[in-house]
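See below for the structure under consideration.
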Amino acid sequence: MTSTAILIPSRYNSSRFPGKSLTDLGGMTMIERVYKTCAKTGLDTYVLTDDMRIFNQFGERMCWVDRQKEYANGTERCAGAVSDPNFIRYIGNYDQFINVQGDMPDVTVEMINRVATNIEMSGVATAWTEMDPELQSDPNSVKVVHNNVYSHWFGRGLTCGSRHLGIYGYSKKALTRYGNMPSDYEKHEGLEQLRWFSLNYKVSITRVDFDGIEINTPEDAKKWNSLN
C-alpha cells in the first residue's frame with residue numbers, strides 16, 4: 001500500500017508579504033488554518049519552515065526547520081526535508097508527498113486527495129480549476145496549458161489556459177531528483193514547477209473545484225477576511 005504525507009513549506013520572509021504565514025485569517029494564523037485542513041485528510045502532515053516563530057506553533061514532531069540554508073522555492077524546501085538525516089526519522093518511510101502551499105487557506109481535502117491519486121501517472125502531479133476572467137491578466141495568477149491529462153506549460157503572462165493551483169504531488173524518487181539548480185524555463189517564468197520539464201518529467205494534472213483565494217499580498221489577506 002502506498003503511503004503518503006503532506007508537506008507544507010512556510011517561509012517567513014516572503015518578498016511580497018513578510019510574515020504572511022502568521023497573518024491573522026479569521027482569528028487563526030494562516031499556516032495553522034492550512035495545517036488543520038491538511039490534517040483532516042487523515043494523512044500525516046508536516047510544516048517545513050525557516051523561522052522559529054512558525055516552528056513554535058507546531059513542535060518538533062510536526063515541523064522541520066532549516067535556518068541555515070536558502071531555498072529558491074517550496075519544492076526545494078520539500079526536497080531538503082526528505083534528505084535531512086535529522087528529519088528522515090519522521091518522514092523516511094513515505095512513498096510519496098503532497099506539497100500544499102502555506103498561502104492556500106482555502107485548500108480542501110478533495111483537492112489534496114485528487115492530486116494524491118494522480119502521482120503514480122508520472123511521479124509529479126498538480127491541479128487546475130476554471131479561470132475567472134478578471135484573473136486572466138493578473139500576473140499573480142498562474143496559468144497552465146494542458147490536455148486534461150498532462151501539463152504543457154505554466155506561465156504568469158499567458159492570455160490563455162486554466163488557473164493553476166499551488167498544490168503538488170511527488171513520488172519520493174522524483175522529489176529527491178529536484179535538486180537546487182534552477183532551469184532556464186524556471187528562470188524565465190519564475191515558476192518552480194517548470195523545473196520538472198528540464199528533468200524530463202511529465203506533470204500530470206487534475207481538475208478540481210476551487211473558488212478560494214491564494215494569499216500573495218496584504219491586500220489578498222484583507223480580501224479573505226472581508227469575505228469570511
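Scheme for the C-alpha cells: letters A, B, ... for chains in order shown; per-chain residue numbers from 1; ligand numbers from 1 in order shown.
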### Message
For the helix (DSSP H, G or I) assignment from backbone DSSP, which residues of stretch 41-145 of chain A qualify? Please present them as a ChimeraX atom specification.
### Response
/A:52-55,74-82,85-91,109-122,133-135
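Among the candidates A:Val144, A:Tyr178, A:Tyr46, A:Phe55, the one nearest to A:Ala79 when counting only C-alpha atoms is A:Tyr178.
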### Message
Applying 8 Å and only C-alpha atoms, which residues near stretch 148-152 of chain A remain after dropping the ones on its own chain fewer than 5 positions away? List them as a PyMOL selection string.
### Response
chain A and resi 202-207
### Query
So which residues of stretch 15-143 of chain A fall under strand (DSSP E) by DSSP, listed as a list in words?
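DSSP-assigned strand (DSSP E) residues in stretch 15-143 of chain A: Asp24, Leu25, Met28, Thr29, Asp44, Thr45, Tyr46, Val47, Leu48, Thr49, Cys63, Trp64, Val65, Gln96, Phe97, Ile98, Asn99, Val100, Val124, Ala125, Thr126, Ala127, Trp128, Thr129 and Lys143 of chain A.
Computed from the coordinates, the atom CA of A:Met62 to atom CA of A:Leu165 distance equals 24.2 Å.
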### Message
Residues near A:Thr159, anyone? I mean within 9 Å using only C-alpha atoms, not counting same-chain ones fewer than 4 positions away, as a PyMOL selection string.
### Response
chain A and resi 136-137+143
### Message
With only C-alpha atoms as the counted atoms, please give the residues lying no more than 12 Å from A:Asn86, apart from itself and same-chain residues fewer than 3 positions off, as a ChimeraX atom specification.
### Response
/A:60-61,63-66,80-83,89-92
Please dump the current selection as a JSON list (two decimals), in the first residue's frame; keep N, CA and C atoms.
```
[["chain", "number", "residue", "atom", "x", "y", "z"],
["A", 60, "GLU", "N", 8.52, 19.81, 17.33],
["A", 60, "GLU", "CA", 9.48, 19.00, 16.56],
["A", 60, "GLU", "C", 8.82, 17.89, 15.75],
["A", 61, "ARG", "N", 7.81, 17.23, 16.29],
["A", 61, "ARG", "CA", 7.24, 16.08, 15.58],
["A", 61, "ARG", "C", 6.42, 16.49, 14.36],
["A", 63, "CYS", "N", 7.03, 19.69, 12.69],
["A", 63, "CYS", "CA", 7.63, 20.81, 11.97],
["A", 63, "CYS", "C", 9.13, 20.62, 11.81],
["A", 64, "TRP", "N", 9.63, 20.89, 10.63],
["A", 64, "TRP", "CA", 11.06, 20.83, 10.32],
["A", 64, "TRP", "C", 11.53, 22.24, 10.03],
["A", 65, "VAL", "N", 12.62, 22.63, 10.65],
["A", 65, "VAL", "CA", 13.13, 23.99, 10.45],
["A", 65, "VAL", "C", 14.57, 23.93, 9.96],
["A", 66, "ASP", "N", 14.87, 24.72, 8.93],
["A", 66, "ASP", "CA", 16.23, 24.86, 8.42],
["A", 66, "ASP", "C", 16.51, 26.36, 8.29],
["A", 80, "GLY", "N", 14.76, 19.28, 0.44],
["A", 80, "GLY", "CA", 15.73, 19.37, 1.52],
["A", 80, "GLY", "C", 15.30, 18.61, 2.75],
["A", 81, "ALA", "N", 14.00, 18.67, 3.04],
["A", 81, "ALA", "CA", 13.49, 17.97, 4.23],
["A", 81, "ALA", "C", 13.61, 16.46, 4.09],
["A", 82, "VAL", "N", 13.27, 15.93, 2.90],
["A", 82, "VAL", "CA", 13.27, 14.48, 2.75],
["A", 82, "VAL", "C", 14.68, 13.91, 2.66],
["A", 83, "SER", "N", 15.69, 14.78, 2.56],
["A", 83, "SER", "CA", 17.08, 14.29, 2.54],
["A", 83, "SER", "C", 17.84, 14.63, 3.82],
["A", 89, "ARG", "N", 13.87, 10.44, 10.23],
["A", 89, "ARG", "CA", 13.27, 9.53, 11.21],
["A", 89, "ARG", "C", 11.76, 9.73, 11.30],
["A", 90, "TYR", "N", 11.28, 10.90, 10.85],
["A", 90, "TYR", "CA", 9.84, 11.15, 10.84],
["A", 90, "TYR", "C", 9.22, 10.85, 9.47],
["A", 91, "ILE", "N", 9.93, 11.19, 8.38],
["A", 91, "ILE", "CA", 9.32, 11.10, 7.06],
["A", 91, "ILE", "C", 10.01, 10.12, 6.12],
["A", 92, "GLY", "N", 10.89, 9.31, 6.65],
["A", 92, "GLY", "CA", 11.66, 8.42, 5.78],
["A", 92, "GLY", "C", 10.89, 7.24, 5.21]]
```
#### Entry: Best match for closeness to A:Ser122 among A:Leu199, A:Met1, A:Leu43, A:Ala174, counting only C-alpha atoms
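Closest to A:Ser122 of all the choices is A:Ala174.
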## Note on the structure
The residue from A:Met28, A:Leu175, A:Ile167, A:Leu22 with the smallest atom-to-atom distance to A:Met52, counting only C-alpha atoms, is A:Leu22
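Using only C-alpha atoms, the smallest distance between any of A:Gln96, A:Asn228, A:Asn73, A:Thr176 and A:Gln193 comes from A:Asn73.
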Stretch 140-228 of chain A near stretch 104-107 of chain A within 9 Å: what's each residue's closest atom pair and its distance in Å to one decimal, counting only C-alpha atoms, ordered by chain then ascending residue number, as CSV?
```
residue,atom,partner,partner_atom,distance
A:Leu165,CA,A:Met104,CA,8.9
A:Gly166,CA,A:Met104,CA,7.5
A:Ile167,CA,A:Val107,CA,8.7
A:Phe210,CA,A:Val107,CA,8.0
A:Asp211,CA,A:Asp106,CA,8.3
A:Gly212,CA,A:Asp106,CA,5.3
A:Ile213,CA,A:Asp106,CA,6.5
A:Glu214,CA,A:Met104,CA,4.9
A:Ile215,CA,A:Met104,CA,6.5
```
